[in-house]
>>> print(open('my_file_18.pdb').read())   # PDB, C-alpha atoms
ATOM      1  CA  MET A   1      -2.981 -80.389  64.542
ATOM      2  CA  ILE A   2      -0.876 -77.973  62.440
ATOM      3  CA  ARG A   3      -2.203 -74.901  60.662
ATOM      4  CA  VAL A   4      -0.025 -72.504  58.658
ATOM      5  CA  GLN A   5      -1.398 -69.396  56.950
ATOM      6  CA  ASN A   6       0.433 -66.949  54.687
ATOM      7  CA  LEU A   7       3.855 -67.886  56.072
ATOM      8  CA  HIS A   8       6.795 -65.713  55.029
ATOM      9  CA  PHE A   9      10.345 -65.891  56.334
ATOM     10  CA  THR A  10      13.588 -64.107  55.481
ATOM     11  CA  TYR A  11      16.904 -64.928  57.136
ATOM     12  CA  PRO A  12      18.632 -61.914  58.720
ATOM     13  CA  GLY A  13      20.894 -60.165  56.220
ATOM     14  CA  ASN A  14      19.132 -61.673  53.186
ATOM     15  CA  GLU A  15      17.068 -59.617  50.794
ATOM     16  CA  VAL A  16      15.286 -62.568  49.202
ATOM     17  CA  GLU A  17      12.605 -64.426  51.152
ATOM     18  CA  THR A  18      13.300 -68.094  51.910
ATOM     19  CA  ILE A  19       9.609 -68.883  52.493
ATOM     20  CA  LYS A  20       7.273 -66.967  50.219
ATOM     21  CA  GLY A  21       3.719 -67.107  51.516
ATOM     22  CA  ILE A  22       2.672 -70.710  52.028
ATOM     23  CA  ASP A  23      -0.515 -72.223  53.469
ATOM     24  CA  PHE A  24      -1.153 -75.792  54.606
ATOM     25  CA  GLU A  25      -2.780 -77.863  57.330
ATOM     26  CA  VAL A  26      -1.849 -81.228  58.844
ATOM     27  CA  ALA A  27      -4.618 -83.332  60.363
ATOM     28  CA  PRO A  28      -4.245 -85.290  63.617
ATOM     29  CA  GLY A  29      -2.690 -88.700  62.961
ATOM     30  CA  GLU A  30      -1.511 -87.738  59.472
ATOM     31  CA  VAL A  31       1.954 -88.338  58.027
ATOM     32  CA  PHE A  32       2.686 -85.177  56.037
ATOM     33  CA  GLY A  33       5.779 -84.835  53.876
ATOM     34  CA  PHE A  34       7.678 -81.909  52.413
ATOM     35  CA  LEU A  35       9.344 -83.112  49.230
ATOM     36  CA  GLY A  36      11.852 -80.946  47.413
ATOM     37  CA  PRO A  37      15.483 -80.414  46.431
ATOM     38  CA  ASN A  38      18.154 -79.185  48.835
ATOM     39  CA  GLY A  39      17.740 -75.478  49.521
ATOM     40  CA  ALA A  40      14.037 -75.417  48.677
ATOM     41  CA  GLY A  41      13.021 -74.289  52.164
ATOM     42  CA  LYS A  42      11.944 -77.625  53.701
ATOM     43  CA  SER A  43      14.188 -77.435  56.773
ATOM     44  CA  THR A  44      13.342 -73.763  57.303
ATOM     45  CA  ILE A  45       9.648 -74.638  57.464
ATOM     46  CA  GLN A  46      10.384 -77.360  59.990
ATOM     47  CA  LYS A  47      12.467 -74.999  62.147
ATOM     48  CA  ILE A  48       9.538 -72.592  62.221
ATOM     49  CA  LEU A  49       7.130 -75.394  63.144
ATOM     50  CA  ILE A  50       9.279 -76.425  66.130
ATOM     51  CA  GLY A  51       9.906 -72.868  67.319
ATOM     52  CA  ILE A  52      13.581 -72.407  66.445
ATOM     53  CA  LEU A  53      12.835 -69.564  64.025
ATOM     54  CA  LYS A  54      10.311 -67.040  65.319
ATOM     55  CA  GLN A  55      10.814 -63.920  63.189
ATOM     56  CA  PHE A  56       8.296 -64.968  60.553
ATOM     57  CA  ARG A  57       5.223 -63.297  59.116
ATOM     58  CA  GLY A  58       1.868 -65.030  59.019
ATOM     59  CA  SER A  59       0.262 -67.499  61.402
ATOM     60  CA  VAL A  60       1.743 -70.817  62.548
ATOM     61  CA  ARG A  61      -0.122 -72.953  65.065
ATOM     62  CA  VAL A  62       0.897 -76.410  66.296
ATOM     63  CA  GLN A  63      -1.453 -78.143  68.747
ATOM     64  CA  ASN A  64      -3.263 -74.806  69.180
ATOM     65  CA  THR A  65      -0.001 -73.150  70.218
ATOM     66  CA  GLU A  66       0.934 -69.985  68.331
ATOM     67  CA  MET A  67       4.608 -70.600  67.612
ATOM     68  CA  ARG A  68       5.728 -67.049  68.394
ATOM     69  CA  SER A  69       4.701 -67.639  72.003
ATOM     70  CA  ALA A  70       5.637 -71.319  72.371
ATOM     71  CA  GLY A  71       7.200 -72.067  75.754
ATOM     72  CA  SER A  72       8.704 -75.060  77.516
ATOM     73  CA  ALA A  73       5.346 -76.835  77.828
ATOM     74  CA  PHE A  74       5.177 -77.071  74.032
ATOM     75  CA  TYR A  75       8.388 -79.129  73.890
ATOM     76  CA  GLU A  76       6.974 -81.694  76.300
ATOM     77  CA  LYS A  77       4.573 -82.740  73.527
ATOM     78  CA  ILE A  78       6.781 -82.891  70.416
ATOM     79  CA  GLY A  79       9.687 -85.029  69.255
ATOM     80  CA  VAL A  80      12.342 -83.867  66.806
ATOM     81  CA  ALA A  81      15.059 -85.698  64.870
ATOM     82  CA  PHE A  82      17.346 -83.362  62.920
ATOM     83  CA  GLU A  83      19.186 -84.416  59.771
ATOM     84  CA  GLN A  84      22.470 -83.919  61.645
ATOM     85  CA  PRO A  85      22.125 -85.886  64.922
ATOM     86  CA  ASN A  86      22.630 -83.720  68.013
ATOM     87  CA  LEU A  87      24.244 -86.180  70.433
ATOM     88  CA  TYR A  88      27.035 -86.194  73.009
ATOM     89  CA  SER A  89      29.898 -88.124  71.440
ATOM     90  CA  LYS A  90      31.672 -88.887  74.735
ATOM     91  CA  PHE A  91      28.516 -90.417  76.210
ATOM     92  CA  THR A  92      27.399 -93.929  75.448
ATOM     93  CA  ALA A  93      24.139 -94.493  73.612
ATOM     94  CA  LEU A  94      22.384 -95.309  76.871
ATOM     95  CA  GLU A  95      23.903 -92.320  78.674
ATOM     96  CA  ASN A  96      22.667 -90.017  75.909
ATOM     97  CA  LEU A  97      19.094 -91.246  76.209
ATOM     98  CA  ARG A  98      19.123 -91.187  79.988
ATOM     99  CA  PHE A  99      20.431 -87.617  79.964
ATOM    100  CA  PHE A 100      17.806 -86.387  77.507
ATOM    101  CA  SER A 101      15.133 -88.132  79.564
ATOM    102  CA  THR A 102      15.944 -85.831  82.486
ATOM    103  CA  LEU A 103      14.892 -82.805  80.439
ATOM    104  CA  TYR A 104      11.230 -83.809  80.555
ATOM    105  CA  ARG A 105       8.822 -83.351  83.438
ATOM    106  CA  HIS A 106       6.816 -86.518  82.917
ATOM    107  CA  ALA A 107       7.762 -90.199  82.619
ATOM    108  CA  THR A 108       9.688 -91.126  79.477
ATOM    109  CA  ALA A 109      10.109 -94.304  77.460
ATOM    110  CA  ASP A 110      12.542 -97.032  78.509
ATOM    111  CA  PRO A 111      15.853 -96.233  76.730
ATOM    112  CA  LEU A 112      16.780 -99.911  76.426
ATOM    113  CA  GLU A 113      13.471-100.704  74.738
ATOM    114  CA  LEU A 114      14.024 -97.878  72.264
ATOM    115  CA  LEU A 115      17.554 -99.068  71.503
ATOM    116  CA  ALA A 116      16.249-102.580  70.914
ATOM    117  CA  ALA A 117      13.580-101.249  68.550
ATOM    118  CA  VAL A 118      16.253 -99.774  66.252
ATOM    119  CA  GLY A 119      18.725-102.649  66.597
ATOM    120  CA  LEU A 120      21.192-100.857  68.885
ATOM    121  CA  GLU A 121      20.698-102.858  72.076
ATOM    122  CA  SER A 122      24.163-104.427  71.751
ATOM    123  CA  GLU A 123      25.687-100.938  71.450
ATOM    124  CA  ALA A 124      24.021 -99.467  74.546
ATOM    125  CA  GLN A 125      27.369 -99.112  76.361
ATOM    126  CA  THR A 126      29.305 -97.923  73.285
ATOM    127  CA  ARG A 127      30.368 -94.286  73.072
ATOM    128  CA  VAL A 128      28.639 -92.388  70.291
ATOM    129  CA  ALA A 129      32.033 -91.241  68.969
ATOM    130  CA  ALA A 130      32.498 -94.783  67.670
ATOM    131  CA  PHE A 131      29.125 -94.848  65.891
ATOM    132  CA  SER A 132      28.699 -94.750  62.122
ATOM    133  CA  LYS A 133      26.370 -92.140  60.603
ATOM    134  CA  GLY A 134      23.615 -94.700  60.288
ATOM    135  CA  MET A 135      23.935 -95.706  63.948
ATOM    136  CA  LYS A 136      23.771 -92.056  65.004
ATOM    137  CA  MET A 137      20.638 -91.596  62.912
ATOM    138  CA  ARG A 138      18.992 -94.531  64.658
ATOM    139  CA  LEU A 139      19.976 -93.237  68.094
ATOM    140  CA  ASN A 140      18.664 -89.816  67.099
ATOM    141  CA  PHE A 141      15.377 -91.487  66.198
ATOM    142  CA  CYS A 142      15.232 -92.979  69.703
ATOM    143  CA  ARG A 143      15.788 -89.561  71.204
ATOM    144  CA  ALA A 144      12.783 -88.173  69.315
ATOM    145  CA  LEU A 145      10.522 -90.864  70.807
ATOM    146  CA  LEU A 146      11.678 -90.543  74.412
ATOM    147  CA  ASN A 147       8.894 -88.282  75.664
ATOM    148  CA  HIS A 148       5.937 -90.096  74.028
ATOM    149  CA  PRO A 149       5.313 -87.067  71.768
ATOM    150  CA  ASP A 150       1.991 -86.221  70.143
ATOM    151  CA  VAL A 151       3.720 -84.657  67.132
ATOM    152  CA  LEU A 152       6.962 -85.853  65.519
ATOM    153  CA  PHE A 153       9.224 -83.914  63.170
ATOM    154  CA  PHE A 154      11.773 -85.839  61.115
ATOM    155  CA  ASP A 155      14.330 -84.164  58.838
ATOM    156  CA  GLU A 156      15.696 -86.699  56.297
ATOM    157  CA  PRO A 157      15.044 -89.559  58.760
ATOM    158  CA  THR A 158      16.507 -92.291  56.532
ATOM    159  CA  ALA A 159      19.741 -90.558  55.472
ATOM    160  CA  GLY A 160      22.788 -92.803  55.838
ATOM    161  CA  LEU A 161      20.803 -95.978  56.572
ATOM    162  CA  ASP A 162      21.489 -99.321  54.926
ATOM    163  CA  PRO A 163      18.491-101.093  53.323
ATOM    164  CA  VAL A 164      17.743-103.266  56.375
ATOM    165  CA  ASN A 165      17.722-100.381  58.850
ATOM    166  CA  LEU A 166      15.905 -98.174  56.344
ATOM    167  CA  GLN A 167      12.995-100.605  56.395
ATOM    168  CA  LYS A 168      13.181-100.823  60.184
ATOM    169  CA  ILE A 169      12.921 -97.049  60.653
ATOM    170  CA  LYS A 170      10.113 -96.774  58.112
ATOM    171  CA  ALA A 171       8.190 -99.486  59.978
ATOM    172  CA  LEU A 172       8.709 -97.642  63.280
ATOM    173  CA  ILE A 173       7.434 -94.384  61.770
ATOM    174  CA  LEU A 174       4.305 -96.154  60.520
ATOM    175  CA  ALA A 175       3.886 -97.703  63.974
ATOM    176  CA  GLN A 176       3.899 -94.201  65.472
ATOM    177  CA  LYS A 177       1.175 -93.210  63.018
ATOM    178  CA  LYS A 178      -0.834 -96.269  64.076
ATOM    179  CA  HIS A 179      -0.644 -95.007  67.660
ATOM    180  CA  GLY A 180      -2.213 -91.711  66.559
ATOM    181  CA  ARG A 181       0.871 -89.506  66.351
ATOM    182  CA  THR A 182       1.000 -86.699  63.815
ATOM    183  CA  ILE A 183       4.226 -86.814  61.809
ATOM    184  CA  CYS A 184       5.959 -84.264  59.578
ATOM    185  CA  ILE A 185       8.806 -85.442  57.364
ATOM    186  CA  THR A 186      11.135 -83.356  55.226
ATOM    187  CA  THR A 187      12.963 -85.265  52.524
ATOM    188  CA  HIS A 188      14.235 -85.181  48.967
ATOM    189  CA  ASP A 189      13.884 -88.977  48.715
ATOM    190  CA  MET A 190      10.754 -89.714  46.681
ATOM    191  CA  HIS A 191      10.692 -93.357  47.824
ATOM    192  CA  VAL A 192      10.527 -92.298  51.484
ATOM    193  CA  ALA A 193       7.735 -89.825  50.740
ATOM    194  CA  ASP A 194       5.818 -92.325  48.626
ATOM    195  CA  SER A 195       5.942 -95.154  51.167
ATOM    196  CA  LEU A 196       5.318 -93.137  54.352
ATOM    197  CA  CYS A 197       3.239 -90.048  53.653
ATOM    198  CA  ASP A 198      -0.531 -89.669  53.534
ATOM    199  CA  ARG A 199      -0.020 -86.357  51.741
ATOM    200  CA  ILE A 200       2.986 -84.513  50.388
ATOM    201  CA  ALA A 201       3.719 -80.900  49.544
ATOM    202  CA  PHE A 202       6.118 -80.130  46.712
ATOM    203  CA  ILE A 203       8.415 -77.327  47.870
ATOM    204  CA  VAL A 204      10.509 -75.327  45.421
ATOM    205  CA  ASP A 205      12.035 -71.877  45.897
ATOM    206  CA  GLY A 206      10.118 -71.334  49.138
ATOM    207  CA  LYS A 207       6.698 -72.003  47.651
ATOM    208  CA  ILE A 208       4.305 -74.951  47.648
ATOM    209  CA  ALA A 209       3.777 -76.060  44.082
ATOM    210  CA  LEU A 210       1.348 -78.892  44.801
ATOM    211  CA  ILE A 211      -0.247 -80.770  47.731
ATOM    212  CA  ASP A 212      -1.974 -84.142  47.517
ATOM    213  CA  SER A 213      -1.614 -87.809  48.378
ATOM    214  CA  PRO A 214       1.063 -89.781  46.504
ATOM    215  CA  ARG A 215      -1.618 -92.080  45.084
ATOM    216  CA  ALA A 216      -3.786 -89.223  43.827
ATOM    217  CA  LEU A 217      -0.803 -87.523  42.223
ATOM    218  CA  LYS A 218       0.326 -90.676  40.449
ATOM    219  CA  LEU A 219      -3.175 -91.308  39.164
ATOM    220  CA  GLN A 220      -3.546 -87.702  38.013
ATOM    221  CA  PHE A 221      -0.228 -87.464  36.208
ATOM    222  CA  GLY A 222       0.275 -91.082  35.121
ATOM    223  CA  ALA A 223      -0.899 -92.635  31.875
ATOM    224  CA  ARG A 224      -3.809 -95.092  32.012
ATOM    225  CA  ARG A 225      -1.843 -97.761  30.210
ATOM    226  CA  VAL A 226      -0.232-101.089  30.970
ATOM    227  CA  ARG A 227       3.014-102.373  29.470
ATOM    228  CA  ILE A 228       3.564-106.077  29.080
ATOM    229  CA  ASP A 229       6.964-107.625  28.244
ATOM    230  CA  PHE A 230       6.917-111.156  26.818
ATOM    231  CA  ALA A 231       9.177-113.661  25.122
ATOM    232  CA  GLU A 232       8.476-114.529  21.504
ATOM    233  CA  ASN A 233      10.712-116.580  19.188
ATOM    234  CA  GLY A 234      13.647-116.209  21.552
ATOM    235  CA  THR A 235      13.458-112.420  21.769
ATOM    236  CA  LEU A 236      11.900-110.036  24.267
ATOM    237  CA  GLN A 237       8.910-108.142  22.937
ATOM    238  CA  HIS A 238       6.605-105.599  24.517
ATOM    239  CA  ALA A 239       3.159-104.159  23.958
ATOM    240  CA  ILE A 240       1.239-101.279  25.555
ATOM    241  CA  PHE A 241      -2.517-101.294  26.094
ATOM    242  CA  GLU A 242      -5.064 -98.789  27.421
ATOM    243  CA  LEU A 243      -6.477 -99.762  30.829
ATOM    244  CA  ASP A 244     -10.052 -98.936  29.819
ATOM    245  CA  GLN A 245     -11.860-102.076  28.682
ATOM    246  CA  LEU A 246      -8.613-104.031  29.060
ATOM    247  CA  GLY A 247     -10.471-107.249  29.873
ATOM    248  CA  HIS A 248     -12.089-107.126  26.425
ATOM    249  CA  ASN A 249      -8.904-106.402  24.466
ATOM    250  CA  GLN A 250      -8.388-109.542  22.383
ATOM    251  CA  LYS A 251      -4.718-108.871  21.600
ATOM    252  CA  PHE A 252      -3.947-108.423  25.291
ATOM    253  CA  LEU A 253      -5.824-111.622  26.172
ATOM    254  CA  GLU A 254      -4.043-113.494  23.386
ATOM    255  CA  ILE A 255      -0.650-112.518  24.818
ATOM    256  CA  LEU A 256      -1.705-113.626  28.292
ATOM    257  CA  ARG A 257      -2.893-116.991  27.033
ATOM    258  CA  HIS A 258      -0.094-117.899  24.651
ATOM    259  CA  LYS A 259       3.080-115.933  25.432
ATOM    260  CA  GLN A 260       5.676-116.260  28.177
ATOM    261  CA  ILE A 261       5.133-113.149  30.295
ATOM    262  CA  GLU A 262       8.292-111.528  31.676
ATOM    263  CA  THR A 263       6.896-108.394  33.345
ATOM    264  CA  MET A 264       3.684-106.398  33.373
ATOM    265  CA  HIS A 265       3.081-103.016  35.008
ATOM    266  CA  THR A 266       0.979 -99.891  34.705
ATOM    267  CA  GLN A 267       2.519 -96.721  33.322
ATOM    268  CA  GLU A 268       2.075 -94.644  36.474
ATOM    269  CA  ALA A 269       4.267 -91.602  37.002
ATOM    270  CA  THR A 270       6.804 -91.523  39.833
ATOM    271  CA  LEU A 271       6.789 -88.684  42.326
ATOM    272  CA  GLU A 272      10.035 -87.475  40.799
ATOM    273  CA  ASP A 273       8.424 -87.423  37.332
ATOM    274  CA  ILE A 274       5.526 -85.406  38.745
ATOM    275  CA  PHE A 275       7.818 -83.028  40.626
ATOM    276  CA  ILE A 276       9.831 -82.274  37.472
ATOM    277  CA  GLN A 277       6.677 -81.877  35.399
ATOM    278  CA  THR A 278       5.107 -79.542  37.970
ATOM    279  CA  THR A 279       8.107 -77.436  38.954
ATOM    280  CA  GLY A 280      10.646 -77.863  36.175
ATOM    281  CA  ARG A 281      13.213 -78.824  38.837
ATOM    282  CA  LYS A 282      14.864 -82.079  39.902
ATOM    283  CA  LEU A 283      14.660 -83.378  43.463
ATOM    284  CA  ALA A 284      18.417 -83.843  43.976
TER     285      ALA A 284
END
>>> encode(input="my_file_18.pdb", output="structure tokens")
Amino acid sequence: MIRVQNLHFTYPGNEVETIKGIDFEVAPGEVFGFLGPNGAGKSTIQKILIGILKQFRGSVRVQNTEMRSAGSAFYEKIGVAFEQPNLYSKFTALENLRFFSTLYRHATADPLELLAAVGLESEAQTRVAAFSKGMKMRLNFCRALLNHPDVLFFDEPTAGLDPVNLQKIKALILAQKKHGRTICITTHDMHVADSLCDRIAFIVDGKIALIDSPRALKLQFGARRVRIDFAENGTLQHAIFELDQLGHNQKFLEILRHKQIETMHTQEATLEDIFIQTTGRKLA
């Protein structure tokens, strides 16, 4: 669905490249994430993928379209939600969606159904100027889905959302994947990347440091150990055991049988741990 080869990009007037020769592919129906700190080049890559920036070197193809020659037909098939929502503040939520619907040649989704999906049905007649950041983000999400796109691009899609609406948007993104859409997400939130993405690319200083699935990365970089916290004589104790042959470890079994277990979890690495270990940089 997306194929990028030897991509380089330098903003006009800059001497230093922003994107420094990256290669990656995104399969149809895959949720692919770019994880990295602010300024790493994530949004620049996305702008190239959607055709905003064309003065790049290398090859970039999305749905077999070479992005240097992408025309209006290309935009009929993609949906985009920028980190900063691009909406008309004097229009109501419904007026915004109805206006954007007119930009497409084919039939679009029902705006009221989209508003209901993100919990904004009661605000359909409210002007966007009165919306909070989180409400604008949800309306922006609706806009991206209007044209039944084959490929979706989300830039920090959960920024500014409260926990309830965060879960709602994540569920809607996974629903789009279930319907076969290909989805690219740029984020510096490791929890978003971990819960949504089939694969992630670590971006730092315009380069890809690592690409793999969150699960594979955590297994590769995590320790094969389990920590168990238990109460003993009125105090909290803990013990750490190797996962190999754990079912035959008599001390572990003794704790399970005779102690009051408080918590027990494997010592897997977080994506942030792995990012720091791999790149020497923090995500934020």
>>> resolve_selection(input="my_file_18.pdb", expression="the PyMOL selection byres ((chain A and resi 238) around 7)", output="list in words")
Arg227, Ile228, Asp229, Phe230, Leu236, Gln237, Ala239 and Ile240 of chain A
>>> write_last_selection(input="my_file_18.pdb", atoms="C-alpha atoms", output="PDB file, in the frame of the given file")
ATOM      1  CA  ARG A 227       3.014-102.373  29.470  1.00  0.00           C
ATOM      2  CA  ILE A 228       3.564-106.077  29.080  1.00  0.00           C
ATOM      3  CA  ASP A 229       6.964-107.625  28.244  1.00  0.00           C
ATOM      4  CA  PHE A 230       6.917-111.156  26.818  1.00  0.00           C
ATOM      5  CA  LEU A 236      11.900-110.036  24.267  1.00  0.00           C
ATOM      6  CA  GLN A 237       8.910-108.142  22.937  1.00  0.00           C
ATOM      7  CA  ALA A 239       3.159-104.159  23.958  1.00  0.00           C
ATOM      8  CA  ILE A 240       1.239-101.279  25.555  1.00  0.00           C
TER       9      ILE A 240
END
>>> resolve_selection(input="my_file_18.pdb", expression="the PyMOL selection byres ((chain A and resi 182-192) around 7)", output="JSON, numbers by chain")
{"A": [28, 29, 30, 31, 32, 33, 34, 35, 36, 37, 42, 43, 150, 151, 152, 153, 154, 155, 156, 177, 180, 181, 193, 194, 195, 196, 271, 272, 283, 284]}
>>> residues_around(input="my_file_18.pdb", residues="Lys54 in chain A", least_positions_apart="3", cutoff="9 Å", atoms="all atoms listed in the file", output="list in words")
Lys47, Ile48, Gly51, Arg57, Met67, Arg68 and Ser69 of chain A
>>> resolve_selection(input="my_file_18.pdb", expression="the PyMOL selection byres ((chain A and resi 208-221) around 6)", output="PDB file with C-alpha atoms, keeping the file's coordinate frame")
ATOM      1  CA  ASP A 194       5.818 -92.325  48.626  1.00  0.00           C
ATOM      2  CA  ASP A 198      -0.531 -89.669  53.534  1.00  0.00           C
ATOM      3  CA  ARG A 199      -0.020 -86.357  51.741  1.00  0.00           C
ATOM      4  CA  ILE A 200       2.986 -84.513  50.388  1.00  0.00           C
ATOM      5  CA  ALA A 201       3.719 -80.900  49.544  1.00  0.00           C
ATOM      6  CA  PHE A 202       6.118 -80.130  46.712  1.00  0.00           C
ATOM      7  CA  ILE A 203       8.415 -77.327  47.870  1.00  0.00           C
ATOM      8  CA  LYS A 207       6.698 -72.003  47.651  1.00  0.00           C
ATOM      9  CA  GLY A 222       0.275 -91.082  35.121  1.00  0.00           C
ATOM     10  CA  GLU A 268       2.075 -94.644  36.474  1.00  0.00           C
ATOM     11  CA  ALA A 269       4.267 -91.602  37.002  1.00  0.00           C
TER      12      ALA A 269
END
>>> residues_around(input="my_file_18.pdb", residues="Leu94 in chain A", least_positions_apart="3", cutoff="10 Å", atoms="only C-alpha atoms", output="PyMOL selection string")
chain A and resi 91+97-99+111-112+114-115+120-121+123-128+139
>>> atom_distance(input="my_file_18.pdb", atom1="CA of Gln63 in chain A", atom2="CA of Glu76 in chain A")
11.9 Å
>>> residues_around(input="my_file_18.pdb", residues="Asn64 in chain A", least_positions_apart="4", cutoff="9 Å", atoms="only C-alpha atoms", output="number ranges by chain")
A: 1-3
>>> atom_distance(input="my_file_18.pdb", atom1="CA of Asp273 in chain A", atom2="CA of Gly21 in chain A")
25.2 Å
>>> closest_residue(input="my_file_18.pdb", among="A:Leu7, A:Leu53, A:Ile274, A:Ala159", to="Phe82 in chain A", atoms="only C-alpha atoms")
A:Ala159
>>> atom_distance(input="my_file_18.pdb", atom1="CA of Tyr75 in chain A", atom2="CA of Val62 in chain A")
11.0 Å
>>> axis_aligned_box(input="my_file_18.pdb", around="range 261-272 of chain A", padding_each_side="3 Å", output="JSON")
{"center_x": 5.5, "center_y": -100.3, "center_z": 36.3, "size_x": 15.1, "size_y": 31.7, "size_z": 18.0}
>>> closest_residue(input="my_file_18.pdb", among="A:Glu262, A:Val118, A:Gly234, A:Ile255", to="Ala171 in chain A", atoms="all atoms listed in the file")
A:Val118
>>> closest_residue(input="my_file_18.pdb", among="A:Pro163, A:Gly13, A:Gly71, A:Gly39", to="Gly206 in chain A", atoms="all atoms listed in the file")
A:Gly39
>>> decode(input="my_file_18.pdb", residues="range 128-139 of chain A", atoms="N, CA, C and O atoms", output="mmCIF file, in the first residue's frame")
data_model
loop_
_atom_site.group_PDB
_atom_site.id
_atom_site.type_symbol
_atom_site.label_atom_id
_atom_site.label_comp_id
_atom_site.auth_asym_id
_atom_site.auth_seq_id
_atom_site.Cartn_x
_atom_site.Cartn_y
_atom_site.Cartn_z
ATOM 1 N N VAL A 128 -17.987 25.660 16.026
ATOM 2 C CA VAL A 128 -16.702 25.073 16.409
ATOM 3 C C VAL A 128 -15.901 26.024 17.289
ATOM 4 O O VAL A 128 -15.078 25.588 18.108
ATOM 5 N N ALA A 129 -16.135 27.322 17.179
ATOM 6 C CA ALA A 129 -15.431 28.294 18.020
ATOM 7 C C ALA A 129 -15.641 28.018 19.504
ATOM 8 O O ALA A 129 -14.793 28.370 20.339
ATOM 9 N N ALA A 130 -16.750 27.378 19.832
ATOM 10 C CA ALA A 130 -17.060 27.088 21.237
ATOM 11 C C ALA A 130 -16.520 25.729 21.677
ATOM 12 O O ALA A 130 -16.674 25.360 22.847
ATOM 13 N N PHE A 131 -15.889 25.000 20.773
ATOM 14 C CA PHE A 131 -15.401 23.656 21.093
ATOM 15 C C PHE A 131 -14.096 23.706 21.886
ATOM 16 O O PHE A 131 -13.254 24.589 21.675
ATOM 17 N N SER A 132 -13.917 22.736 22.766
ATOM 18 C CA SER A 132 -12.629 22.528 23.426
ATOM 19 C C SER A 132 -11.672 21.866 22.434
ATOM 20 O O SER A 132 -12.086 21.419 21.345
ATOM 21 N N LYS A 133 -10.392 21.764 22.807
ATOM 22 C CA LYS A 133 -9.423 21.114 21.921
ATOM 23 C C LYS A 133 -9.810 19.671 21.657
ATOM 24 O O LYS A 133 -9.744 19.190 20.520
ATOM 25 N N GLY A 134 -10.241 18.986 22.706
ATOM 26 C CA GLY A 134 -10.619 17.589 22.543
ATOM 27 C C GLY A 134 -11.802 17.419 21.611
ATOM 28 O O GLY A 134 -11.844 16.469 20.810
ATOM 29 N N MET A 135 -12.774 18.317 21.678
ATOM 30 C CA MET A 135 -13.935 18.252 20.789
ATOM 31 C C MET A 135 -13.515 18.511 19.343
ATOM 32 O O MET A 135 -14.000 17.847 18.415
ATOM 33 N N LYS A 136 -12.602 19.454 19.144
ATOM 34 C CA LYS A 136 -12.101 19.720 17.797
ATOM 35 C C LYS A 136 -11.356 18.513 17.241
ATOM 36 O O LYS A 136 -11.470 18.204 16.048
ATOM 37 N N MET A 137 -10.605 17.829 18.100
ATOM 38 C CA MET A 137 -9.888 16.640 17.649
ATOM 39 C C MET A 137 -10.860 15.555 17.201
ATOM 40 O O MET A 137 -10.636 14.876 16.190
ATOM 41 N N ARG A 138 -11.959 15.410 17.927
ATOM 42 C CA ARG A 138 -12.943 14.399 17.550
ATOM 43 C C ARG A 138 -13.662 14.770 16.257
ATOM 44 O O ARG A 138 -13.921 13.906 15.409
ATOM 45 N N LEU A 139 -13.958 16.056 16.084
ATOM 46 C CA LEU A 139 -14.583 16.493 14.834
ATOM 47 C C LEU A 139 -13.614 16.326 13.672
ATOM 48 O O LEU A 139 -14.005 15.934 12.558
#
